[in-house]
>>> print(open('start_23.cif').read())   # mmCIF, N, CA and C atoms
data_data
#
loop_
_atom_site.label_atom_id
_atom_site.label_comp_id
_atom_site.auth_asym_id
_atom_site.auth_seq_id
_atom_site.Cartn_x
_atom_site.Cartn_y
_atom_site.Cartn_z
N MET A 1 -31.12 -36.06 14.62
CA MET A 1 -29.94 -35.49 15.22
C MET A 1 -30.23 -35.19 16.69
N ASN A 2 -29.36 -35.65 17.57
CA ASN A 2 -29.62 -35.44 19.00
C ASN A 2 -29.10 -34.08 19.46
N THR A 3 -29.39 -33.76 20.68
CA THR A 3 -29.04 -32.46 21.26
C THR A 3 -27.53 -32.25 21.30
N ARG A 4 -26.80 -33.29 21.62
CA ARG A 4 -25.34 -33.18 21.71
C ARG A 4 -24.74 -32.83 20.34
N SER A 5 -25.20 -33.46 19.28
CA SER A 5 -24.70 -33.18 17.93
C SER A 5 -25.03 -31.76 17.51
N LYS A 6 -26.24 -31.31 17.84
CA LYS A 6 -26.63 -29.93 17.51
C LYS A 6 -25.74 -28.93 18.25
N SER A 7 -25.46 -29.22 19.51
CA SER A 7 -24.62 -28.33 20.30
C SER A 7 -23.21 -28.25 19.72
N VAL A 8 -22.67 -29.40 19.34
CA VAL A 8 -21.32 -29.42 18.76
C VAL A 8 -21.30 -28.64 17.45
N LEU A 9 -22.32 -28.83 16.60
CA LEU A 9 -22.38 -28.10 15.34
C LEU A 9 -22.48 -26.59 15.56
N ILE A 10 -23.27 -26.19 16.53
CA ILE A 10 -23.41 -24.76 16.84
C ILE A 10 -22.08 -24.19 17.33
N LEU A 11 -21.40 -24.91 18.22
CA LEU A 11 -20.11 -24.44 18.72
C LEU A 11 -19.07 -24.35 17.61
N VAL A 12 -19.02 -25.35 16.74
CA VAL A 12 -18.07 -25.33 15.63
C VAL A 12 -18.41 -24.16 14.69
N GLY A 13 -19.68 -23.94 14.43
CA GLY A 13 -20.11 -22.83 13.57
C GLY A 13 -19.70 -21.48 14.16
N VAL A 14 -19.93 -21.33 15.46
CA VAL A 14 -19.55 -20.07 16.13
C VAL A 14 -18.03 -19.89 16.08
N LEU A 15 -17.29 -20.97 16.28
CA LEU A 15 -15.83 -20.91 16.21
C LEU A 15 -15.37 -20.48 14.82
N ILE A 16 -15.93 -21.05 13.79
CA ILE A 16 -15.57 -20.70 12.41
C ILE A 16 -15.90 -19.24 12.13
N ILE A 17 -17.07 -18.81 12.55
CA ILE A 17 -17.46 -17.40 12.35
C ILE A 17 -16.50 -16.48 13.09
N GLY A 18 -16.11 -16.85 14.30
CA GLY A 18 -15.16 -16.06 15.07
C GLY A 18 -13.80 -15.96 14.39
N VAL A 19 -13.33 -17.06 13.84
CA VAL A 19 -12.05 -17.05 13.14
C VAL A 19 -12.12 -16.14 11.91
N ILE A 20 -13.21 -16.22 11.16
CA ILE A 20 -13.38 -15.38 9.97
C ILE A 20 -13.42 -13.90 10.37
N ILE A 21 -14.21 -13.56 11.37
CA ILE A 21 -14.30 -12.17 11.82
C ILE A 21 -12.94 -11.68 12.33
N GLY A 22 -12.24 -12.52 13.06
CA GLY A 22 -10.92 -12.14 13.56
C GLY A 22 -9.93 -11.89 12.44
N ALA A 23 -9.94 -12.75 11.43
CA ALA A 23 -9.01 -12.59 10.31
C ALA A 23 -9.32 -11.31 9.53
N LEU A 24 -10.60 -11.08 9.25
CA LEU A 24 -10.97 -9.86 8.54
C LEU A 24 -10.64 -8.61 9.35
N GLY A 25 -10.96 -8.66 10.63
CA GLY A 25 -10.67 -7.52 11.50
C GLY A 25 -9.18 -7.23 11.58
N SER A 26 -8.39 -8.28 11.69
CA SER A 26 -6.94 -8.12 11.76
C SER A 26 -6.40 -7.51 10.47
N THR A 27 -6.88 -7.96 9.33
CA THR A 27 -6.44 -7.44 8.05
C THR A 27 -6.78 -5.96 7.92
N ILE A 28 -8.00 -5.61 8.27
CA ILE A 28 -8.43 -4.22 8.18
C ILE A 28 -7.62 -3.35 9.13
N LEU A 29 -7.40 -3.82 10.34
CA LEU A 29 -6.64 -3.06 11.33
C LEU A 29 -5.19 -2.86 10.89
N ARG A 30 -4.55 -3.92 10.38
CA ARG A 30 -3.16 -3.79 9.92
C ARG A 30 -3.05 -2.83 8.75
N ARG A 31 -4.00 -2.91 7.82
CA ARG A 31 -3.98 -2.01 6.66
C ARG A 31 -4.14 -0.56 7.12
N GLN A 32 -5.05 -0.32 8.05
CA GLN A 32 -5.27 1.03 8.56
C GLN A 32 -4.03 1.55 9.29
N MET A 33 -3.41 0.70 10.09
CA MET A 33 -2.20 1.10 10.80
C MET A 33 -1.09 1.45 9.82
N TRP A 34 -0.96 0.67 8.75
CA TRP A 34 0.07 0.94 7.74
C TRP A 34 -0.22 2.27 7.04
N GLU A 35 -1.47 2.50 6.68
CA GLU A 35 -1.84 3.76 6.03
C GLU A 35 -1.54 4.94 6.94
N ASP A 36 -1.87 4.82 8.22
CA ASP A 36 -1.58 5.89 9.17
C ASP A 36 -0.08 6.13 9.28
N ARG A 37 0.68 5.06 9.24
CA ARG A 37 2.13 5.16 9.42
C ARG A 37 2.79 5.88 8.24
N ILE A 38 2.31 5.63 7.01
CA ILE A 38 2.98 6.22 5.86
C ILE A 38 2.28 7.44 5.29
N SER A 39 1.06 7.74 5.73
CA SER A 39 0.31 8.84 5.13
C SER A 39 1.02 10.18 5.29
N HIS A 40 1.70 10.39 6.39
CA HIS A 40 2.38 11.67 6.58
C HIS A 40 3.55 11.86 5.64
N PHE A 41 4.09 10.78 5.08
CA PHE A 41 5.21 10.91 4.16
C PHE A 41 4.76 11.36 2.77
N LYS A 42 3.46 11.29 2.48
CA LYS A 42 2.96 11.69 1.17
C LYS A 42 2.91 13.20 1.02
N LYS A 43 2.80 13.91 2.12
CA LYS A 43 2.70 15.37 2.09
C LYS A 43 4.01 15.98 2.54
N PRO A 44 4.47 17.03 1.86
CA PRO A 44 5.74 17.63 2.25
C PRO A 44 5.78 18.04 3.73
N ASP A 45 4.73 18.70 4.21
CA ASP A 45 4.74 19.13 5.61
C ASP A 45 4.77 17.94 6.56
N GLY A 46 4.04 16.89 6.23
CA GLY A 46 4.02 15.72 7.09
C GLY A 46 5.37 15.03 7.13
N PHE A 47 5.98 14.90 5.96
CA PHE A 47 7.32 14.29 5.85
C PHE A 47 8.32 15.10 6.67
N ILE A 48 8.34 16.40 6.43
CA ILE A 48 9.31 17.27 7.10
C ILE A 48 9.06 17.32 8.60
N ASN A 49 7.82 17.51 8.99
CA ASN A 49 7.50 17.60 10.43
C ASN A 49 7.82 16.30 11.16
N ARG A 50 7.55 15.18 10.52
CA ARG A 50 7.85 13.89 11.15
C ARG A 50 9.35 13.73 11.39
N LEU A 51 10.14 14.08 10.38
CA LEU A 51 11.59 13.96 10.53
C LEU A 51 12.14 14.99 11.51
N ILE A 52 11.60 16.20 11.51
CA ILE A 52 12.02 17.22 12.48
C ILE A 52 11.74 16.71 13.89
N GLU A 53 10.58 16.10 14.05
CA GLU A 53 10.20 15.56 15.37
C GLU A 53 11.19 14.48 15.81
N LYS A 54 11.63 13.65 14.88
CA LYS A 54 12.57 12.57 15.22
C LYS A 54 13.99 13.10 15.45
N ILE A 55 14.40 14.09 14.65
CA ILE A 55 15.76 14.62 14.75
C ILE A 55 15.94 15.47 16.01
N GLU A 56 14.89 16.19 16.39
CA GLU A 56 14.92 17.12 17.53
C GLU A 56 16.06 18.13 17.39
N PRO A 57 16.01 18.96 16.31
CA PRO A 57 17.10 19.92 16.11
C PRO A 57 17.04 21.08 17.10
N GLU A 58 18.18 21.73 17.24
CA GLU A 58 18.25 22.95 18.03
C GLU A 58 17.50 24.03 17.24
N PRO A 59 16.97 25.06 17.92
CA PRO A 59 16.23 26.11 17.20
C PRO A 59 17.02 26.75 16.05
N ASP A 60 18.31 26.94 16.22
CA ASP A 60 19.10 27.57 15.17
C ASP A 60 19.37 26.62 13.99
N GLN A 61 19.14 25.33 14.15
CA GLN A 61 19.35 24.35 13.08
C GLN A 61 18.08 24.12 12.25
N GLU A 62 16.94 24.38 12.83
CA GLU A 62 15.68 23.92 12.24
C GLU A 62 15.42 24.47 10.84
N LYS A 63 15.67 25.76 10.60
CA LYS A 63 15.39 26.34 9.29
C LYS A 63 16.22 25.65 8.20
N ALA A 64 17.51 25.48 8.44
CA ALA A 64 18.38 24.84 7.45
C ALA A 64 17.96 23.38 7.22
N ILE A 65 17.61 22.69 8.30
CA ILE A 65 17.19 21.29 8.18
C ILE A 65 15.90 21.21 7.37
N ARG A 66 14.95 22.10 7.63
CA ARG A 66 13.68 22.10 6.87
C ARG A 66 13.93 22.31 5.38
N GLU A 67 14.83 23.20 5.02
CA GLU A 67 15.13 23.46 3.61
C GLU A 67 15.72 22.21 2.95
N ILE A 68 16.64 21.57 3.63
CA ILE A 68 17.27 20.35 3.09
C ILE A 68 16.25 19.23 2.96
N LEU A 69 15.42 19.05 3.98
CA LEU A 69 14.39 18.01 3.92
C LEU A 69 13.41 18.27 2.79
N SER A 70 13.04 19.53 2.61
CA SER A 70 12.10 19.87 1.55
C SER A 70 12.68 19.53 0.17
N LYS A 71 13.94 19.88 -0.03
CA LYS A 71 14.62 19.60 -1.31
C LYS A 71 14.65 18.08 -1.56
N HIS A 72 15.01 17.32 -0.54
CA HIS A 72 15.12 15.88 -0.71
C HIS A 72 13.75 15.21 -0.84
N HIS A 73 12.75 15.77 -0.20
CA HIS A 73 11.40 15.22 -0.36
C HIS A 73 10.97 15.31 -1.81
N GLN A 74 11.23 16.45 -2.45
CA GLN A 74 10.89 16.60 -3.87
C GLN A 74 11.63 15.58 -4.73
N LYS A 75 12.90 15.34 -4.42
CA LYS A 75 13.68 14.35 -5.17
C LYS A 75 13.10 12.94 -4.97
N MET A 76 12.70 12.64 -3.75
CA MET A 76 12.13 11.31 -3.47
C MET A 76 10.80 11.11 -4.19
N ILE A 77 10.01 12.16 -4.29
CA ILE A 77 8.74 12.07 -5.03
C ILE A 77 9.04 11.77 -6.50
N LYS A 78 10.03 12.47 -7.05
CA LYS A 78 10.40 12.25 -8.46
C LYS A 78 10.90 10.83 -8.68
N ILE A 79 11.76 10.34 -7.81
CA ILE A 79 12.28 8.98 -7.93
C ILE A 79 11.14 7.96 -7.83
N SER A 80 10.23 8.19 -6.91
CA SER A 80 9.10 7.28 -6.73
C SER A 80 8.24 7.22 -7.99
N GLU A 81 7.99 8.38 -8.56
CA GLU A 81 7.18 8.44 -9.78
C GLU A 81 7.91 7.74 -10.94
N GLU A 82 9.20 7.97 -11.06
CA GLU A 82 9.98 7.32 -12.11
C GLU A 82 9.97 5.80 -11.95
N SER A 83 10.10 5.33 -10.71
CA SER A 83 10.11 3.88 -10.50
C SER A 83 8.76 3.27 -10.82
N ARG A 84 7.67 3.97 -10.48
CA ARG A 84 6.33 3.47 -10.83
C ARG A 84 6.19 3.36 -12.35
N ASN A 85 6.69 4.38 -13.06
CA ASN A 85 6.61 4.35 -14.52
C ASN A 85 7.45 3.22 -15.10
N MET A 86 8.62 2.97 -14.53
CA MET A 86 9.46 1.87 -15.00
C MET A 86 8.79 0.52 -14.76
N ILE A 87 8.19 0.35 -13.60
CA ILE A 87 7.49 -0.90 -13.29
C ILE A 87 6.34 -1.11 -14.25
N LYS A 88 5.58 -0.06 -14.52
CA LYS A 88 4.46 -0.16 -15.47
C LYS A 88 4.98 -0.54 -16.85
N SER A 89 6.06 0.08 -17.27
CA SER A 89 6.64 -0.21 -18.58
C SER A 89 7.09 -1.68 -18.68
N HIS A 90 7.74 -2.16 -17.63
CA HIS A 90 8.19 -3.56 -17.63
C HIS A 90 7.00 -4.53 -17.59
N ALA A 91 5.97 -4.17 -16.85
CA ALA A 91 4.78 -5.02 -16.80
C ALA A 91 4.14 -5.09 -18.19
N ASP A 92 4.07 -3.95 -18.88
CA ASP A 92 3.50 -3.93 -20.22
C ASP A 92 4.33 -4.77 -21.19
N SER A 93 5.67 -4.68 -21.10
CA SER A 93 6.51 -5.49 -22.00
C SER A 93 6.40 -6.98 -21.67
N LEU A 94 6.24 -7.29 -20.39
CA LEU A 94 6.04 -8.69 -19.99
C LEU A 94 4.76 -9.24 -20.62
N ILE A 95 3.70 -8.46 -20.55
CA ILE A 95 2.43 -8.89 -21.15
C ILE A 95 2.61 -9.10 -22.65
N LEU A 96 3.26 -8.16 -23.33
CA LEU A 96 3.47 -8.28 -24.77
C LEU A 96 4.28 -9.52 -25.14
N GLU A 97 5.29 -9.81 -24.33
CA GLU A 97 6.15 -10.96 -24.60
C GLU A 97 5.43 -12.29 -24.35
N LEU A 98 4.58 -12.31 -23.33
CA LEU A 98 3.86 -13.54 -23.01
C LEU A 98 2.58 -13.73 -23.83
N LYS A 99 2.10 -12.67 -24.45
CA LYS A 99 0.83 -12.72 -25.18
C LYS A 99 0.74 -13.85 -26.20
N PRO A 100 1.78 -14.10 -27.01
CA PRO A 100 1.66 -15.19 -28.00
C PRO A 100 1.65 -16.59 -27.37
N ILE A 101 2.12 -16.70 -26.13
CA ILE A 101 2.26 -18.00 -25.49
C ILE A 101 1.03 -18.35 -24.65
N LEU A 102 0.45 -17.36 -23.99
CA LEU A 102 -0.64 -17.61 -23.05
C LEU A 102 -1.99 -17.71 -23.74
N SER A 103 -2.88 -18.46 -23.09
CA SER A 103 -4.26 -18.50 -23.57
C SER A 103 -4.94 -17.19 -23.19
N LYS A 104 -6.11 -16.95 -23.73
CA LYS A 104 -6.87 -15.73 -23.41
C LYS A 104 -7.14 -15.63 -21.92
N GLU A 105 -7.53 -16.75 -21.30
CA GLU A 105 -7.83 -16.76 -19.86
C GLU A 105 -6.57 -16.46 -19.03
N GLN A 106 -5.46 -17.07 -19.41
CA GLN A 106 -4.21 -16.84 -18.70
C GLN A 106 -3.75 -15.39 -18.84
N LEU A 107 -3.89 -14.86 -20.04
CA LEU A 107 -3.51 -13.47 -20.29
C LEU A 107 -4.39 -12.52 -19.48
N ASP A 108 -5.68 -12.81 -19.42
CA ASP A 108 -6.59 -11.98 -18.62
C ASP A 108 -6.19 -12.00 -17.15
N LYS A 109 -5.85 -13.18 -16.63
CA LYS A 109 -5.42 -13.29 -15.23
C LYS A 109 -4.15 -12.48 -14.99
N LEU A 110 -3.18 -12.61 -15.90
CA LEU A 110 -1.93 -11.89 -15.75
C LEU A 110 -2.16 -10.38 -15.79
N GLU A 111 -2.95 -9.91 -16.73
CA GLU A 111 -3.25 -8.48 -16.82
C GLU A 111 -3.95 -7.98 -15.57
N LYS A 112 -4.85 -8.78 -15.06
CA LYS A 112 -5.57 -8.39 -13.84
C LYS A 112 -4.60 -8.26 -12.67
N ILE A 113 -3.67 -9.19 -12.56
CA ILE A 113 -2.68 -9.15 -11.47
C ILE A 113 -1.77 -7.93 -11.60
N LEU A 114 -1.29 -7.68 -12.81
CA LEU A 114 -0.31 -6.61 -13.02
C LEU A 114 -0.92 -5.20 -13.05
N LYS A 115 -2.18 -5.09 -13.38
CA LYS A 115 -2.76 -3.76 -13.57
C LYS A 115 -3.80 -3.35 -12.54
N ARG A 116 -4.16 -4.23 -11.66
CA ARG A 116 -5.20 -3.90 -10.70
C ARG A 116 -4.67 -2.99 -9.61
N LYS A 117 -5.59 -2.35 -8.91
CA LYS A 117 -5.26 -1.56 -7.75
C LYS A 117 -6.03 -2.14 -6.58
N ARG A 118 -5.43 -2.08 -5.42
CA ARG A 118 -6.07 -2.60 -4.23
C ARG A 118 -7.01 -1.57 -3.63
N PRO A 119 -7.87 -2.01 -2.72
CA PRO A 119 -8.75 -1.06 -2.04
C PRO A 119 -7.92 0.02 -1.36
N GLY A 120 -8.48 1.21 -1.29
CA GLY A 120 -7.75 2.31 -0.68
C GLY A 120 -6.75 2.90 -1.66
N ASN A 121 -6.97 2.66 -2.97
CA ASN A 121 -6.11 3.18 -4.03
C ASN A 121 -4.68 2.71 -3.90
N ARG A 122 -4.46 1.52 -3.44
CA ARG A 122 -3.11 0.96 -3.34
C ARG A 122 -2.90 0.02 -4.51
N HIS A 123 -1.70 0.00 -4.99
CA HIS A 123 -1.34 -0.90 -6.08
C HIS A 123 -1.03 -2.28 -5.50
N PRO A 124 -1.01 -3.34 -6.33
CA PRO A 124 -0.85 -4.70 -5.83
C PRO A 124 0.35 -4.94 -4.93
N HIS A 125 1.45 -4.30 -5.18
CA HIS A 125 2.64 -4.60 -4.39
C HIS A 125 2.99 -3.47 -3.44
N GLY A 126 1.97 -2.75 -2.96
CA GLY A 126 2.20 -1.73 -1.97
C GLY A 126 2.76 -0.44 -2.52
N GLU A 127 2.82 -0.32 -3.82
CA GLU A 127 3.39 0.88 -4.41
C GLU A 127 2.39 2.01 -4.20
N PRO A 128 2.84 3.18 -3.74
CA PRO A 128 1.92 4.26 -3.45
C PRO A 128 1.37 4.91 -4.71
N ASP A 129 0.28 5.62 -4.55
CA ASP A 129 -0.28 6.37 -5.67
C ASP A 129 0.65 7.52 -5.99
N PRO A 130 0.58 8.03 -7.22
CA PRO A 130 1.41 9.17 -7.56
C PRO A 130 1.02 10.37 -6.71
N PRO A 131 1.98 11.25 -6.42
CA PRO A 131 1.66 12.42 -5.62
C PRO A 131 0.81 13.39 -6.44
N PRO A 132 0.08 14.27 -5.78
CA PRO A 132 -0.68 15.28 -6.52
C PRO A 132 0.27 16.16 -7.33
N PRO A 133 -0.23 16.78 -8.40
CA PRO A 133 0.63 17.57 -9.28
C PRO A 133 1.40 18.69 -8.57
N ASP A 134 0.81 19.30 -7.56
CA ASP A 134 1.49 20.39 -6.88
C ASP A 134 2.38 19.92 -5.74
N GLY A 135 2.54 18.60 -5.57
CA GLY A 135 3.43 18.04 -4.56
C GLY A 135 2.88 18.09 -3.15
N GLN A 136 1.59 18.31 -2.99
CA GLN A 136 1.03 18.37 -1.64
C GLN A 136 0.29 17.15 -1.26
#
>>> encode(input="start_23.cif", output="C-alpha coordinates")
Amino acid sequence: MNTRSKSVLILVGVLIIGVIIGALGSTILRRQMWEDRISHFKKPDGFINRLIEKIEPEPDQEKAIREILSKHHQKMIKISEESRNMIKSHADSLILELKPILSKEQLDKLEKILKRKRPGNRHPHGEPDPPPPDGQ
(Lines of atoms letter the chains of each structure in order from A and count residues from 1; the text may use other names and numbers.)
(Lines give C-alpha, C1' and ligand atoms only; values in the text may rest on other atoms or scores of the structure.)
Protein backbone atom coordinates (compact mmCIF):
# COMPACT_ATOMS: atom_id res chain seq x y z
CA MET A 1 0.00 0.00 0.00
CA ASN A 2 1.49 3.34 -1.00
CA THR A 3 1.53 6.57 0.99
CA ARG A 4 -1.34 8.11 -0.96
CA SER A 5 -3.66 5.15 -0.23
CA LYS A 6 -2.76 5.24 3.46
CA SER A 7 -3.47 8.97 3.60
CA VAL A 8 -6.85 8.53 1.93
CA LEU A 9 -7.77 5.70 4.33
CA ILE A 10 -6.76 7.80 7.34
CA LEU A 11 -8.79 10.78 6.11
CA VAL A 12 -11.85 8.62 5.42
CA GLY A 13 -11.49 7.01 8.87
CA VAL A 14 -11.25 10.39 10.58
CA LEU A 15 -14.29 11.59 8.60
CA ILE A 16 -16.33 8.55 9.65
CA ILE A 17 -15.30 8.96 13.29
CA GLY A 18 -16.25 12.65 13.11
CA VAL A 19 -19.67 11.85 11.69
CA ILE A 20 -20.29 9.26 14.43
CA ILE A 21 -19.19 11.64 17.20
CA GLY A 22 -21.31 14.43 15.72
CA ALA A 23 -24.40 12.24 15.51
CA LEU A 24 -24.01 10.98 19.07
CA GLY A 25 -23.30 14.46 20.39
CA SER A 26 -26.30 15.90 18.58
CA THR A 27 -28.60 13.20 19.97
CA ILE A 28 -27.36 13.72 23.52
CA LEU A 29 -27.64 17.50 23.22
CA ARG A 30 -31.18 17.38 21.80
CA ARG A 31 -32.32 14.95 24.50
CA GLN A 32 -30.84 17.16 27.22
CA MET A 33 -32.45 20.28 25.75
CA TRP A 34 -35.82 18.50 25.64
CA GLU A 35 -35.46 17.34 29.25
CA ASP A 36 -34.59 20.88 30.34
CA ARG A 37 -37.56 22.25 28.43
CA ILE A 38 -40.15 19.95 30.01
CA SER A 39 -38.64 19.26 33.44
CA HIS A 40 -40.24 22.32 35.01
CA PHE A 41 -43.69 21.07 34.01
CA LYS A 42 -43.29 17.96 36.18
CA LYS A 43 -43.26 19.97 39.41
CA PRO A 44 -46.22 22.12 40.47
CA ASP A 45 -44.03 25.11 41.32
CA GLY A 46 -42.12 24.85 38.06
CA PHE A 47 -45.31 24.56 36.02
CA ILE A 48 -46.97 27.47 37.80
CA ASN A 49 -43.91 29.71 37.85
CA ARG A 50 -43.22 29.11 34.17
CA LEU A 51 -46.76 30.05 33.19
CA ILE A 52 -46.79 33.05 35.55
CA GLU A 53 -43.57 34.19 33.90
CA LYS A 54 -45.17 33.90 30.45
CA ILE A 55 -48.51 35.48 31.42
CA GLU A 56 -46.91 38.41 33.29
CA PRO A 57 -49.95 39.07 35.51
CA GLU A 58 -50.57 42.25 37.44
CA PRO A 59 -49.77 41.91 41.18
CA ASP A 60 -53.46 41.84 42.10
CA GLN A 61 -54.09 38.99 39.60
CA GLU A 62 -51.23 36.70 40.59
CA LYS A 63 -52.79 34.97 43.62
CA ALA A 64 -55.98 34.02 41.75
CA ILE A 65 -53.99 32.89 38.71
CA ARG A 66 -51.71 30.72 40.89
CA GLU A 67 -54.72 29.01 42.48
CA ILE A 68 -56.29 28.26 39.08
CA LEU A 69 -53.00 27.00 37.65
CA SER A 70 -52.45 24.78 40.67
CA LYS A 71 -55.92 23.24 40.33
CA HIS A 72 -55.42 22.58 36.61
CA HIS A 73 -51.92 21.21 37.11
CA GLN A 74 -53.37 18.54 39.41
CA LYS A 75 -56.00 17.69 36.78
CA MET A 76 -53.34 17.42 34.07
CA ILE A 77 -51.27 15.07 36.23
CA LYS A 78 -54.34 12.87 36.72
CA ILE A 79 -55.15 12.85 33.00
CA SER A 80 -51.54 12.03 32.15
CA GLU A 81 -51.51 9.12 34.58
CA GLU A 82 -54.83 7.81 33.24
CA SER A 83 -53.60 7.98 29.66
CA ARG A 84 -50.40 6.09 30.57
CA ASN A 85 -52.53 3.39 32.20
CA MET A 86 -54.79 3.18 29.14
CA ILE A 87 -51.80 2.87 26.81
CA LYS A 88 -50.33 0.12 28.99
CA SER A 89 -53.66 -1.70 29.02
CA HIS A 90 -53.97 -1.51 25.23
CA ALA A 91 -50.38 -2.66 24.77
CA ASP A 92 -51.07 -5.65 27.03
CA SER A 93 -54.23 -6.57 25.09
CA LEU A 94 -52.33 -6.21 21.80
CA ILE A 95 -49.71 -8.65 23.05
CA LEU A 96 -52.42 -11.11 24.18
CA GLU A 97 -54.20 -10.90 20.84
CA LEU A 98 -51.01 -11.38 18.81
CA LYS A 99 -49.55 -14.08 21.07
CA PRO A 100 -51.16 -17.05 19.24
CA ILE A 101 -50.01 -15.72 15.85
CA LEU A 102 -46.42 -14.62 16.53
CA SER A 103 -43.38 -16.79 17.00
CA LYS A 104 -41.53 -16.65 20.32
CA GLU A 105 -38.85 -14.39 18.81
CA GLN A 106 -41.43 -12.03 17.28
CA LEU A 107 -43.37 -11.89 20.54
CA ASP A 108 -40.18 -11.12 22.47
CA LYS A 109 -39.38 -8.27 20.06
CA LEU A 110 -42.89 -6.86 20.37
CA GLU A 111 -42.84 -7.03 24.17
CA LYS A 112 -39.45 -5.36 24.24
CA ILE A 113 -40.70 -2.52 22.05
CA LEU A 114 -43.92 -1.99 24.00
CA LYS A 115 -42.56 -2.37 27.52
CA ARG A 116 -39.07 -0.93 27.46
CA LYS A 117 -38.05 2.41 28.89
CA ARG A 118 -35.51 4.69 27.32
CA PRO A 119 -32.43 6.07 29.04
CA GLY A 120 -33.25 8.84 31.47
CA ASN A 121 -36.38 6.95 32.57
CA ARG A 122 -38.28 7.89 29.42
CA HIS A 123 -40.77 5.57 27.83
CA PRO A 124 -40.41 4.59 24.14
CA HIS A 125 -42.78 7.19 22.76
CA GLY A 126 -41.76 10.12 24.93
CA GLU A 127 -44.39 9.45 27.54
CA PRO A 128 -43.25 10.93 30.86
CA ASP A 129 -42.76 8.97 34.05
CA PRO A 130 -45.60 9.05 36.53
CA PRO A 131 -45.47 11.96 38.95
CA PRO A 132 -44.36 11.35 42.53
CA PRO A 133 -47.20 10.34 44.90
CA ASP A 134 -47.30 13.74 46.61
CA GLY A 135 -47.48 15.60 43.27
CA GLN A 136 -44.09 17.27 43.61
>>> resolve_selection(input="start_23.cif", expression="the PyMOL selection byres (((chain A and resi 69 and name CA) around 12) and name CA)", output="list in words")
Phe41, Pro44, Asp45, Gly46, Phe47, Ile48, Asn49, Arg50, Leu51, Ile52, Ile55, Glu62, Lys63, Ala64, Ile65, Arg66, Glu67, Ile68, Ser70, Lys71, His72, His73, Gln74, Lys75 and Met76 of chain A
>>> closest_residue(input="start_23.cif", among="A:Asp36, A:Asp92, A:Glu56, A:Glu82", to="Glu111 in chain A", atoms="only C-alpha atoms")
A:Asp92
>>> atom_distance(input="start_23.cif", atom1="atom C of Lys88 in chain A", atom2="atom N of Ile113 in chain A")
13.0 Å
>>> closest_residue(input="start_23.cif", among="A:Ile17, A:Val12, A:Leu114, A:Met1", to="Ser93 in chain A", atoms="only C-alpha atoms")
A:Leu114
>>> atom_distance(input="start_23.cif", atom1="atom N of Ser5 in chain A", atom2="atom N of Val19 in chain A")
21.0 Å
>>> atom_distance(input="start_23.cif", atom1="CA of Lys109 in chain A", atom2="CA of Ile28 in chain A")
25.3 Å
